[in-house]
$ cat target-v6.txt   # compact mmCIF, C-alpha atoms
# COMPACT_ATOMS: atom_id res chain seq x y z
CA MET A 1 163.62 48.29 83.97
CA ILE A 2 165.12 47.78 80.49
CA CYS A 3 166.90 50.68 78.81
CA SER A 4 169.43 49.91 76.08
CA THR A 5 170.65 53.51 76.27
CA PHE A 6 172.71 54.00 79.44
CA PRO A 7 170.42 56.47 81.29
CA TYR A 8 173.06 58.69 82.87
CA PRO A 9 173.85 61.55 82.98
CA PRO A 10 170.36 62.98 82.36
CA SER A 11 171.87 65.91 80.45
CA LYS A 12 173.07 63.56 77.72
CA GLY A 13 169.79 63.30 75.79
CA THR A 14 166.02 62.96 76.01
CA ILE A 15 166.08 59.18 76.61
CA GLN A 16 168.52 59.66 79.49
CA LEU A 17 166.59 62.62 80.88
CA ARG A 18 163.22 60.86 81.06
CA THR A 19 164.51 57.46 82.16
CA PHE A 20 166.81 58.76 84.88
CA ASN A 21 164.28 61.10 86.47
CA LEU A 22 161.54 58.46 86.58
CA LEU A 23 164.05 55.95 87.93
CA LYS A 24 165.16 58.44 90.58
CA TYR A 25 161.58 58.87 91.80
CA LEU A 26 160.68 55.17 91.74
CA SER A 27 163.81 54.21 93.66
CA GLN A 28 162.37 55.92 96.76
CA ASN A 29 159.68 53.24 97.18
CA HIS A 30 160.74 50.30 95.02
CA THR A 31 163.71 47.98 94.56
CA ILE A 32 164.81 48.26 90.95
CA THR A 33 167.04 46.17 88.71
CA LEU A 34 168.17 48.08 85.63
CA ILE A 35 169.30 46.19 82.52
CA THR A 36 171.25 48.45 80.19
CA GLN A 37 174.12 48.57 77.70
CA GLN A 38 177.46 50.31 78.01
CA SER A 39 178.93 52.21 75.09
CA GLU A 40 182.55 53.36 74.97
CA GLU A 41 181.48 56.82 76.15
CA VAL A 42 180.14 55.59 79.52
CA THR A 43 182.62 56.14 82.36
CA GLU A 44 183.13 54.18 85.57
CA ALA A 45 182.18 57.29 87.57
CA GLU A 46 178.83 57.46 85.73
CA ILE A 47 178.22 53.77 86.42
CA GLU A 48 178.81 54.28 90.13
CA GLN A 49 176.55 57.34 90.25
CA LEU A 50 173.70 55.36 88.69
CA ARG A 51 174.31 52.29 90.82
CA GLU A 52 173.53 54.26 94.00
CA LEU A 53 169.81 54.39 93.04
CA LEU A 54 169.45 50.70 92.25
CA GLU A 55 169.08 47.34 93.90
CA GLU A 56 170.99 45.86 90.98
CA LEU A 57 172.66 47.24 87.87
CA VAL A 58 173.15 44.70 85.07
CA ILE A 59 175.33 46.01 82.23
CA PHE A 60 175.92 44.36 78.86
CA PRO A 61 178.25 45.62 76.11
CA GLN A 62 176.55 47.64 73.41
CA PRO A 63 176.71 45.94 69.98
CA GLN A 64 178.96 47.60 67.43
CA ILE A 65 176.93 49.46 64.82
CA PRO A 66 178.62 49.40 61.39
CA GLU A 67 179.49 52.86 60.05
CA ALA A 68 180.28 51.85 56.47
CA GLU A 69 177.96 53.02 53.70
CA GLU A 70 175.71 50.30 52.33
CA GLY A 71 175.38 49.49 48.67
CA ILE A 72 172.01 49.30 46.95
CA GLY A 73 172.00 45.53 47.27
CA GLU A 74 172.39 45.68 51.07
CA LYS A 75 169.65 48.30 51.34
CA VAL A 76 167.23 46.15 49.34
CA LYS A 77 168.12 43.13 51.48
CA ARG A 78 167.53 45.10 54.67
CA PHE A 79 164.18 46.42 53.45
CA ARG A 80 163.10 42.89 52.50
CA LYS A 81 164.01 41.72 56.00
CA PHE A 82 161.96 44.55 57.54
CA LEU A 83 159.06 43.59 55.29
CA GLN A 84 159.24 39.93 56.37
CA GLU A 85 160.05 40.27 60.08
CA GLY A 86 158.39 43.61 60.85
CA THR A 87 161.11 44.99 63.15
CA PRO A 88 162.97 48.22 62.21
CA ARG A 89 166.71 48.28 61.77
CA GLN A 90 167.32 50.67 64.69
CA VAL A 91 165.71 48.12 67.03
CA LEU A 92 167.64 45.14 65.68
CA GLN A 93 170.98 46.96 65.79
CA LEU A 94 170.91 47.22 69.59
CA TYR A 95 169.44 43.79 70.24
CA SER A 96 171.51 41.61 72.60
CA PRO A 97 170.91 37.82 72.80
CA GLU A 98 172.64 37.91 76.20
CA ILE A 99 170.04 40.36 77.55
CA GLN A 100 167.28 38.16 76.15
CA GLN A 101 168.68 35.10 77.89
CA TRP A 102 169.05 36.99 81.19
CA LEU A 103 165.43 38.20 81.02
CA ASP A 104 164.04 34.81 80.03
CA GLN A 105 165.65 33.25 83.09
CA ALA A 106 164.52 36.09 85.39
CA VAL A 107 160.89 35.83 84.28
CA GLU A 108 160.92 32.05 84.56
CA SER A 109 162.19 32.28 88.13
CA GLY A 110 159.42 34.76 89.06
CA GLU A 111 161.98 37.30 90.25
CA PHE A 112 160.09 40.46 89.24
CA GLU A 113 156.59 41.87 89.63
CA VAL A 114 156.90 44.49 86.88
CA ILE A 115 159.04 44.93 83.78
CA THR A 116 159.22 48.35 82.12
CA CYS A 117 160.67 49.15 78.72
CA GLU A 118 162.09 52.67 78.78
CA HIS A 119 161.64 53.67 75.11
CA SER A 120 159.97 51.41 72.58
CA LEU A 121 163.38 50.30 71.23
CA ASN A 122 163.45 47.83 74.13
CA GLU A 123 160.12 46.14 73.32
CA ILE A 124 162.00 43.49 71.33
CA TYR A 125 162.91 41.66 74.55
CA ILE A 126 159.30 41.24 75.73
CA ARG A 127 157.41 38.02 75.05
CA SER A 128 153.61 38.21 74.86
CA GLU A 129 153.13 35.18 77.12
CA TRP A 130 154.85 37.01 79.99
CA GLN A 131 151.60 38.92 80.58
CA GLN A 132 150.36 35.84 82.46
CA SER A 133 153.00 36.19 85.19
CA VAL A 134 154.34 39.76 85.26
CA ARG A 135 153.02 43.28 84.65
CA LEU A 136 154.50 44.71 81.43
CA VAL A 137 154.77 48.46 80.82
CA VAL A 138 156.19 50.23 77.77
CA ASN A 139 157.19 53.87 78.18
CA ILE A 140 157.01 55.16 74.59
CA HIS A 141 159.18 58.27 74.47
CA ASN A 142 157.86 58.96 70.98
CA SER A 143 155.80 57.07 68.42
CA VAL A 144 158.10 55.85 65.63
CA TYR A 145 155.20 55.79 63.17
CA ARG A 146 154.08 59.31 64.05
CA SER A 147 157.67 60.60 63.89
CA ALA A 148 158.11 59.19 60.38
CA ARG A 149 154.73 60.52 59.27
CA ASN A 150 155.51 63.97 60.66
CA GLN A 151 158.84 64.09 58.80
CA LEU A 152 157.09 63.18 55.55
CA GLU A 153 154.35 65.76 56.07
CA THR A 154 156.82 68.54 56.86
CA GLY A 155 159.39 67.58 54.22
CA THR A 156 162.14 67.09 56.82
CA ALA A 157 162.86 63.41 56.11
CA GLU A 158 166.40 62.88 54.83
CA ASN A 159 165.15 60.34 52.30
CA GLN A 160 161.51 60.90 51.37
CA LEU A 161 161.18 57.75 49.23
CA LYS A 162 162.72 55.53 51.90
CA GLU A 163 160.48 56.93 54.65
CA GLN A 164 157.41 56.60 52.45
CA LEU A 165 158.20 52.91 51.86
CA ASN A 166 158.79 52.36 55.58
CA LEU A 167 155.72 54.22 56.83
CA GLN A 168 153.13 51.43 56.69
CA LEU A 169 155.69 48.94 58.00
CA LEU A 170 156.29 51.18 61.02
CA LYS A 171 152.55 51.43 61.59
CA ARG A 172 152.25 47.63 61.53
CA TYR A 173 155.28 47.30 63.82
CA GLU A 174 153.87 49.72 66.41
CA GLU A 175 150.51 47.98 66.38
CA ARG A 176 152.17 44.60 66.92
CA TYR A 177 154.45 45.51 69.81
CA CYS A 178 151.85 47.56 71.70
CA SER A 179 149.60 44.49 71.99
CA LYS A 180 152.21 42.80 74.24
CA PHE A 181 151.90 45.25 77.14
CA SER A 182 149.65 45.56 80.17
CA ALA A 183 149.96 49.35 80.07
CA ILE A 184 151.27 51.86 77.55
CA VAL A 185 152.73 55.23 78.57
CA VAL A 186 153.18 58.10 76.10
CA THR A 187 154.49 61.64 76.55
CA ASN A 188 151.79 63.68 74.78
CA PRO A 189 148.09 63.54 73.77
CA GLU A 190 148.92 63.32 70.05
CA ASP A 191 150.87 60.10 70.56
CA ARG A 192 148.04 58.79 72.70
CA ARG A 193 145.57 59.31 69.86
CA GLN A 194 147.99 57.65 67.46
CA ILE A 195 148.57 54.59 69.64
CA ALA A 196 144.85 54.33 70.55
CA ALA A 197 144.00 54.05 66.84
CA LEU A 198 146.39 51.09 66.59
CA GLU A 199 145.60 49.45 69.95
CA PRO A 200 142.05 50.53 70.91
CA GLU A 201 141.85 47.98 73.74
CA GLY A 202 145.12 49.05 75.33
CA LYS A 203 145.46 51.02 78.57
CA ILE A 204 147.22 54.16 77.33
CA VAL A 205 148.22 56.97 79.69
CA VAL A 206 149.87 60.34 79.00
CA ILE A 207 152.76 61.20 81.32
CA PRO A 208 154.65 64.20 79.92
CA ASN A 209 158.29 64.97 80.53
CA GLY A 210 159.15 67.20 83.45
CA VAL A 211 161.66 69.61 84.89
CA ASP A 212 163.86 69.23 87.95
CA LEU A 213 162.67 72.36 89.75
CA THR A 214 165.71 72.42 92.06
CA LYS A 215 168.07 72.50 89.08
CA PHE A 216 165.97 75.07 87.21
CA PRO A 217 164.99 77.63 89.88
CA ARG A 218 163.03 80.74 89.00
CA ARG A 219 165.27 83.77 88.72
CA ILE A 220 165.21 86.33 91.51
CA SER A 221 165.08 89.46 89.35
CA ASP A 222 164.42 90.64 85.81
CA PRO A 223 167.72 91.72 84.17
CA GLY A 224 166.00 94.01 81.66
CA GLY A 225 167.95 94.94 78.55
CA HIS A 226 167.63 93.46 75.06
CA LYS A 227 169.27 90.06 75.39
CA LEU A 228 167.78 87.01 73.63
CA VAL A 229 168.69 83.37 74.18
CA LEU A 230 168.08 80.27 72.05
CA VAL A 231 168.59 76.78 73.47
CA GLY A 232 168.64 73.39 71.78
CA ALA A 233 170.66 70.51 70.41
CA MET A 234 172.20 72.20 67.39
CA ASP A 235 173.10 68.91 65.71
CA ASN A 236 169.36 68.33 65.25
CA ARG A 237 167.88 69.53 61.96
CA PRO A 238 164.65 71.10 63.29
CA ASN A 239 166.69 73.10 65.83
CA ILE A 240 169.23 74.13 63.20
CA ASP A 241 166.48 75.31 60.85
CA ALA A 242 164.80 77.20 63.70
CA VAL A 243 167.88 79.07 64.88
CA ARG A 244 168.98 79.97 61.35
CA PHE A 245 165.51 81.25 60.50
CA PHE A 246 165.42 83.49 63.56
CA CYS A 247 168.99 84.77 63.28
CA LEU A 248 168.93 85.44 59.53
CA GLU A 249 165.34 86.51 58.91
CA VAL A 250 164.06 87.96 62.20
CA PHE A 251 167.01 89.31 64.15
CA PRO A 252 168.17 91.90 61.53
CA GLU A 253 164.81 93.66 61.92
CA ILE A 254 165.11 93.56 65.72
CA LEU A 255 168.60 95.10 65.44
CA GLN A 256 167.20 98.01 63.45
CA ARG A 257 164.88 98.79 66.35
CA TYR A 258 167.29 97.88 69.15
CA PRO A 259 170.93 98.29 67.99
CA ASP A 260 172.25 96.90 71.29
CA ALA A 261 170.20 93.68 71.03
CA THR A 262 172.14 90.42 71.31
CA ILE A 263 171.51 86.70 70.88
CA GLU A 264 173.21 83.85 72.74
CA ILE A 265 172.89 80.42 71.14
CA LEU A 266 173.54 77.82 73.83
CA GLU A 267 174.83 74.49 72.50
CA PRO A 268 178.00 72.56 73.43
CA GLN A 269 178.33 70.86 70.01
CA PRO A 270 177.06 73.24 67.29
CA VAL A 271 177.39 72.26 63.64
CA GLU A 272 179.15 74.51 61.13
CA SER A 273 175.93 76.09 59.84
CA VAL A 274 175.20 77.27 63.40
CA LEU A 275 178.78 78.29 64.23
CA GLU A 276 178.89 80.61 61.21
CA LEU A 277 175.95 82.59 62.62
CA GLY A 278 178.38 83.96 65.21
CA GLU A 279 179.98 86.05 62.45
CA ASN A 280 176.88 88.26 62.36
CA GLN A 281 176.42 91.38 64.50
CA GLY A 282 175.08 90.72 68.00
CA ILE A 283 175.11 86.91 67.74
CA THR A 284 177.27 84.68 69.96
CA VAL A 285 177.43 80.90 69.74
CA VAL A 286 178.30 79.59 73.20
CA ASP A 287 179.83 76.13 72.72
CA SER A 288 181.03 75.63 76.30
CA VAL A 289 178.03 76.29 78.53
CA SER A 290 178.97 75.95 82.21
CA SER A 291 175.42 76.69 83.34
CA THR A 292 172.39 76.81 81.05
CA VAL A 293 170.31 78.06 83.98
CA GLU A 294 172.62 81.00 84.60
CA CYS A 295 172.44 82.00 80.92
CA LEU A 296 168.64 81.77 80.99
CA HIS A 297 168.48 83.88 84.17
CA LYS A 298 170.51 86.64 82.48
CA ALA A 299 168.39 86.72 79.31
CA THR A 300 165.58 89.18 78.73
CA ILE A 301 163.65 86.71 76.55
CA CYS A 302 163.99 83.08 75.45
CA VAL A 303 162.93 82.45 71.84
CA VAL A 304 161.69 79.02 70.68
CA PRO A 305 161.27 79.49 66.89
CA MET A 306 160.60 75.82 65.98
CA GLN A 307 159.14 75.35 62.49
CA THR A 308 158.91 71.55 62.49
CA GLY A 309 158.64 68.82 65.11
CA PHE A 310 155.93 67.81 67.54
CA GLY A 311 155.27 67.15 71.20
CA ILE A 312 156.13 69.12 74.32
CA LYS A 313 159.63 70.61 74.14
CA ASN A 314 161.87 70.21 77.19
CA LYS A 315 163.70 73.43 76.40
CA THR A 316 160.39 75.32 76.57
CA LEU A 317 159.52 73.80 79.96
CA GLU A 318 163.00 74.49 81.35
CA ALA A 319 162.93 78.12 80.22
CA MET A 320 159.50 78.57 81.77
CA ALA A 321 160.75 77.04 85.01
CA THR A 322 163.55 79.61 85.23
CA GLY A 323 161.08 82.46 84.81
CA VAL A 324 162.47 83.82 81.55
CA PRO A 325 159.61 85.09 79.30
CA ILE A 326 158.99 82.99 76.18
CA VAL A 327 158.34 84.00 72.59
CA SER A 328 157.53 80.82 70.69
CA SER A 329 156.03 79.37 67.56
CA ASP A 330 152.93 77.23 67.85
CA ILE A 331 155.18 74.17 67.48
CA GLY A 332 157.48 75.38 70.26
CA VAL A 333 154.59 75.43 72.76
CA GLU A 334 152.72 72.45 71.32
CA GLY A 335 150.96 70.48 74.03
CA LEU A 336 151.07 73.39 76.51
CA VAL A 337 148.10 75.61 77.37
CA VAL A 338 149.67 79.07 77.32
CA ASP A 339 146.83 81.42 76.36
CA GLY A 340 143.16 81.77 75.46
CA GLY A 341 139.90 81.95 77.39
CA GLU A 342 140.38 81.95 81.15
CA VAL A 343 143.99 80.74 80.87
CA PRO A 344 146.60 83.10 82.36
CA LEU A 345 149.04 84.30 79.69
CA ARG A 346 152.16 82.11 79.89
CA ALA A 347 153.96 82.81 76.59
CA LEU A 348 153.67 84.99 73.48
CA ARG A 349 153.10 83.23 70.17
CA ALA A 350 154.80 84.11 66.88
CA ASN A 351 155.14 82.20 63.62
CA GLU A 352 156.01 84.79 60.95
CA SER A 353 158.97 87.18 61.04
CA ALA A 354 156.82 90.24 61.72
CA GLU A 355 155.07 88.44 64.58
CA TYR A 356 158.42 87.63 66.23
CA VAL A 357 159.55 91.24 65.93
CA TYR A 358 156.28 92.50 67.40
CA ALA A 359 156.23 90.03 70.30
CA THR A 360 159.89 90.63 71.12
CA SER A 361 159.38 94.41 71.07
CA ARG A 362 156.39 94.12 73.41
CA LEU A 363 158.45 92.25 75.95
CA PHE A 364 161.49 94.52 75.61
CA GLU A 365 159.27 97.53 76.35
CA ASN A 366 156.97 96.10 79.02
CA ARG A 367 158.53 94.94 82.30
CA GLN A 368 155.08 94.14 83.75
CA LEU A 369 154.30 91.80 80.86
CA ARG A 370 157.64 90.05 81.37
CA LYS A 371 156.79 89.63 85.05
CA GLN A 372 153.38 88.19 84.16
CA LEU A 373 154.83 85.57 81.79
CA SER A 374 157.57 84.74 84.29
CA GLU A 375 155.13 84.05 87.13
CA HIS A 376 152.56 82.16 85.06
CA GLY A 377 155.12 80.07 83.18
CA ARG A 378 156.80 78.92 86.38
CA ALA A 379 153.42 78.16 87.99
CA LEU A 380 152.43 75.95 85.04
CA VAL A 381 155.62 73.89 85.31
CA GLU A 382 155.26 73.53 89.08
CA GLU A 383 151.66 72.35 88.73
CA LYS A 384 151.88 69.97 85.77
CA TYR A 385 155.42 69.41 84.55
CA SER A 386 157.69 68.55 87.46
CA TRP A 387 159.49 65.20 87.56
CA GLN A 388 157.90 64.71 90.97
CA ARG A 389 154.44 64.70 89.38
CA ALA A 390 155.57 62.52 86.47
CA GLY A 391 157.06 60.04 88.93
CA GLU A 392 153.85 59.87 90.96
CA LEU A 393 151.81 59.11 87.86
CA TYR A 394 154.29 56.51 86.60
CA GLU A 395 154.28 54.78 89.97
CA GLN A 396 150.52 54.39 89.71
CA ILE A 397 150.87 52.77 86.29
CA ILE A 398 153.52 50.24 87.29
CA SER A 399 151.46 49.39 90.38
CA GLY A 400 148.36 48.77 88.27
CA GLY A 401 146.49 51.79 89.62
CA SER A 402 144.57 54.58 87.94
CA VAL A 403 146.20 57.89 87.09
CA ARG A 404 142.85 59.65 87.48
CA ARG A 405 142.49 58.23 90.98
CA GLN A 406 146.03 59.33 91.81
CA GLU A 407 145.34 62.87 90.57
CA ALA A 408 142.08 63.02 92.52
CA GLU A 409 143.82 61.87 95.71
CA SER A 410 146.61 64.39 95.19
CA LYS A 411 144.09 67.20 94.69
CA LYS A 412 142.18 66.11 97.80
CA GLN A 413 145.36 66.16 99.88
CA LYS A 414 146.11 69.70 98.72
CA ASN A 415 142.57 70.82 99.57
CA ASP A 416 142.79 69.16 102.99
CA LYS A 417 146.02 71.04 103.70
CA ALA A 418 144.41 74.28 102.61
CA ASP A 419 141.45 73.66 104.92
CA ASP A 420 143.84 72.97 107.80
CA GLY A 421 145.80 76.11 107.06
CA THR A 422 148.96 74.05 106.55
CA SER A 423 149.60 74.69 102.85
CA LYS A 424 152.26 77.15 101.83
$ encode --input "target-v6.txt" --output "structure tokens"
Amino acid sequence: MICSTFPYPPSKGTIQLRTFNLLKYLSQNHTITLITQQSEEVTEAEIEQLRELLEELVIFPQPQIPEAEEGIGEKVKRFRKFLQEGTPRQVLQLYSPEIQQWLDQAVESGEFEVITCEHSLNEIYIRSEWQQSVRLVVNIHNSVYRSARNQLETGTAENQLKEQLNLQLLKRYEERYCSKFSAIVVTNPEDRRQIAALEPEGKIVVIPNGVDLTKFPRRISDPGGHKLVLVGAMDNRPNIDAVRFFCLEVFPEILQRYPDATIEILEPQPVESVLELGENQGITVVDSVSSTVECLHKATICVVPMQTGFGIKNKTLEAMATGVPIVSSDIGVEGLVVDGGEVPLRALRANESAEYVYATSRLFENRQLRKQLSEHGRALVEEKYSWQRAGELYEQIISGGSVRRQEAESKKQKNDKADDGTSK
């Protein structure tokens, strides 16, 4: 397993969260060697915690990434290099010749049956000819081409001209590296469609992120009241835009109806534009969260007012797992079936200010509706979005099996237990 980002602790970021939880599951039935890089932030205690799950932990120093601003000449030179070689800067920056040498020797000696790349940043180490001797799996946490295209379409790219120039190069890059792998794993159906258009012959499987259900238990009781909570990495622009929109445009109207209403913004490292929201009535920015779960359990409603972004949001899944009712934009529940037809209602949708006020008021006033969303949201996560389920599907992929067969066998086992009267 190759992961340039040290995958521990899982609370550190999305790469760490996904990699660690899949690693934790796989370690039950497989002997795993992890090749990773150590930044200055990684502690000896974290290394020892991770080592307990592994047969072998191989750590290389992380290359120093220059912080100095580049002149126009350097930028042109870098773009020309991308144009010629086809590999993005963020991939090259973390590349380690020492890791490459270690892997070349390991593959030549026939030491491993499977090599996985946890995040596409690690594809650079894989040689196409290895497919003849070892199974190669890339776990694409997100499509770099689709991410760039989404930022251009939504106007959230920091440099529109630069991203526009890079877009077709990223498409070509993704098409090239995907062809090297025996199996391709993505986190959502949209990425699957994107990758399938580039690599129509590839075996592409969707395995979404999950929730550790023991760490995010469903709350025992409904606290009532008029307390809202917003969760997210507040150094991330889409989250910053979302929380400012809700606090400045929606919450004043909610306060007029419910003068005792409050908002807690949970984020250990908020930027200044988020911190200043705490100066407004009823809003608290909590920058030292001892327990996100405890804060969620005490909230009446969790709001996910995302206006940009794509894919399934971990914060939405985690809130659902705790049983707190959700009011969310379409983007906040993207990839999740939360309403419509025969689907049990699992969240309330809102996109405009008036819709947020209406949905929030409904939940404030209706304890039975809150109970309904709490039960159905938790049930959805238990059924489809636990790390246990994600691990089972990933194990099938690295073993060369079929995810559909695995799901069918799992369903059959559940039915057999039900017939025996042993299910709970």
$ residues_around --input "target-v6.txt" --residues "Lys315 of chain A" --least-positions-apart "5" --cutoff "9 Å" --atoms "only C-alpha atoms" --output "list in words"
Val231, Gly232, Val304, Met320 and Gly332 of chain A
$ residues_near_point --input "target-v6.txt" --point "(150.9, 58.3, 72.1)" --cutoff "12 Å" --atoms "all atoms listed in the file" --output "VMD selection string"
chain A and resid 120 138 to 147 174 to 175 178 184 to 200 202 to 208 310 to 311
$ residues_near_point --input "target-v6.txt" --point "(169.9, 81.9, 82.0)" --cutoff "12 Å" --atoms "all atoms listed in the file" --output "ChimeraX atom specification"
/A:215-223,227-231,264-266,289-302,315,318-325
$ write_last_selection --input "target-v6.txt" --atoms "C-alpha atoms" --output "mmCIF file, in the frame of the given file"
data_model
loop_
_atom_site.group_PDB
_atom_site.id
_atom_site.type_symbol
_atom_site.label_atom_id
_atom_site.label_comp_id
_atom_site.auth_asym_id
_atom_site.auth_seq_id
_atom_site.Cartn_x
_atom_site.Cartn_y
_atom_site.Cartn_z
ATOM 1 C CA LYS A 215 168.070 72.500 89.080
ATOM 2 C CA PHE A 216 165.970 75.070 87.210
ATOM 3 C CA PRO A 217 164.990 77.630 89.880
ATOM 4 C CA ARG A 218 163.030 80.740 89.000
ATOM 5 C CA ARG A 219 165.270 83.770 88.720
ATOM 6 C CA ILE A 220 165.210 86.330 91.510
ATOM 7 C CA SER A 221 165.080 89.460 89.350
ATOM 8 C CA ASP A 222 164.420 90.640 85.810
ATOM 9 C CA PRO A 223 167.720 91.720 84.170
ATOM 10 C CA LYS A 227 169.270 90.060 75.390
ATOM 11 C CA LEU A 228 167.780 87.010 73.630
ATOM 12 C CA VAL A 229 168.690 83.370 74.180
ATOM 13 C CA LEU A 230 168.080 80.270 72.050
ATOM 14 C CA VAL A 231 168.590 76.780 73.470
ATOM 15 C CA GLU A 264 173.210 83.850 72.740
ATOM 16 C CA ILE A 265 172.890 80.420 71.140
ATOM 17 C CA LEU A 266 173.540 77.820 73.830
ATOM 18 C CA VAL A 289 178.030 76.290 78.530
ATOM 19 C CA SER A 290 178.970 75.950 82.210
ATOM 20 C CA SER A 291 175.420 76.690 83.340
ATOM 21 C CA THR A 292 172.390 76.810 81.050
ATOM 22 C CA VAL A 293 170.310 78.060 83.980
ATOM 23 C CA GLU A 294 172.620 81.000 84.600
ATOM 24 C CA CYS A 295 172.440 82.000 80.920
ATOM 25 C CA LEU A 296 168.640 81.770 80.990
ATOM 26 C CA HIS A 297 168.480 83.880 84.170
ATOM 27 C CA LYS A 298 170.510 86.640 82.480
ATOM 28 C CA ALA A 299 168.390 86.720 79.310
ATOM 29 C CA THR A 300 165.580 89.180 78.730
ATOM 30 C CA ILE A 301 163.650 86.710 76.550
ATOM 31 C CA CYS A 302 163.990 83.080 75.450
ATOM 32 C CA LYS A 315 163.700 73.430 76.400
ATOM 33 C CA GLU A 318 163.000 74.490 81.350
ATOM 34 C CA ALA A 319 162.930 78.120 80.220
ATOM 35 C CA MET A 320 159.500 78.570 81.770
ATOM 36 C CA ALA A 321 160.750 77.040 85.010
ATOM 37 C CA THR A 322 163.550 79.610 85.230
ATOM 38 C CA GLY A 323 161.080 82.460 84.810
ATOM 39 C CA VAL A 324 162.470 83.820 81.550
ATOM 40 C CA PRO A 325 159.610 85.090 79.300
#
$ residues_around --input "target-v6.txt" --residues "Asn351 of chain A" --least-positions-apart "5" --cutoff "10 Å" --atoms "all atoms listed in the file" --output "count of residues only"
10
$ atom_distance --input "target-v6.txt" --atom1 "atom CA of Val137 of chain A" --atom2 "atom CA of Met1 of chain A"
9.4 Å
$ closest_residue --input "target-v6.txt" --among "A:Glu46, A:Glu158, A:Glu355, A:Glu334" --to "Val250 of chain A" --atoms "all atoms listed in the file"
A:Glu355
$ closest_residue --input "target-v6.txt" --among "A:Leu369, A:Leu363, A:Leu152, A:Val381" --to "Ile312 of chain A" --atoms "only C-alpha atoms"
A:Val381
$ closest_residue --input "target-v6.txt" --among "A:Glu392, A:Thr308, A:Val333, A:Tyr8" --to "Gln49 of chain A" --atoms "only C-alpha atoms"
A:Tyr8
$ atom_distance --input "target-v6.txt" --atom1 "atom CA of Val337 of chain A" --atom2 "atom CA of Lys313 of chain A"
13.0 Å
$ atom_distance --input "target-v6.txt" --atom1 "atom CA of Pro259 of chain A" --atom2 "atom CA of Arg370 of chain A"
20.6 Å
$ axis_aligned_box --input "target-v6.txt" --around "segment 153-169 of chain A" --padding-each-side "6 Å" --output "AutoDock Vina command-line options"
--center_x 159.8 --center_y 58.7 --center_z 53.6 --size_x 25.3 --size_y 31.6 --size_z 20.8
$ residues_around --input "target-v6.txt" --residues "Glu55 of chain A" --least-positions-apart "6" --cutoff "9 Å" --atoms "only C-alpha atoms" --output "list of chain:residue names"
A:Ser27, A:His30, A:Thr31, A:Ile32, A:Thr33, A:Leu34
$ closest_residue --input "target-v6.txt" --among "A:Glu382, A:Phe246, A:Trp130, A:Arg237" --to "Glu352 of chain A" --atoms "all atoms listed in the file"
A:Phe246
$ closest_residue --input "target-v6.txt" --among "A:Ile240, A:Leu169, A:Ile254, A:Ile35" --to "Gly309 of chain A" --atoms "all atoms listed in the file"
A:Ile240
$ closest_residue --input "target-v6.txt" --among "A:Tyr25, A:Trp387, A:Phe6, A:Tyr258" --to "Asp212 of chain A" --atoms "all atoms listed in the file"
A:Trp387
$ residues_around --input "target-v6.txt" --residues "Leu345 of chain A" --least-positions-apart "2" --cutoff "12 Å" --atoms "only C-alpha atoms" --output "list of chain:residue names"
A:Pro325, A:Ile326, A:Val327, A:Leu336, A:Val337, A:Val338, A:Asp339, A:Gly340, A:Gly341, A:Glu342, A:Val343, A:Ala347, A:Leu348, A:Arg349, A:Leu369, A:Arg370, A:Lys371, A:Gln372, A:Leu373, A:Ser374, A:Glu375, A:His376, A:Gly377, A:Arg378, A:Ala379, A:Leu380
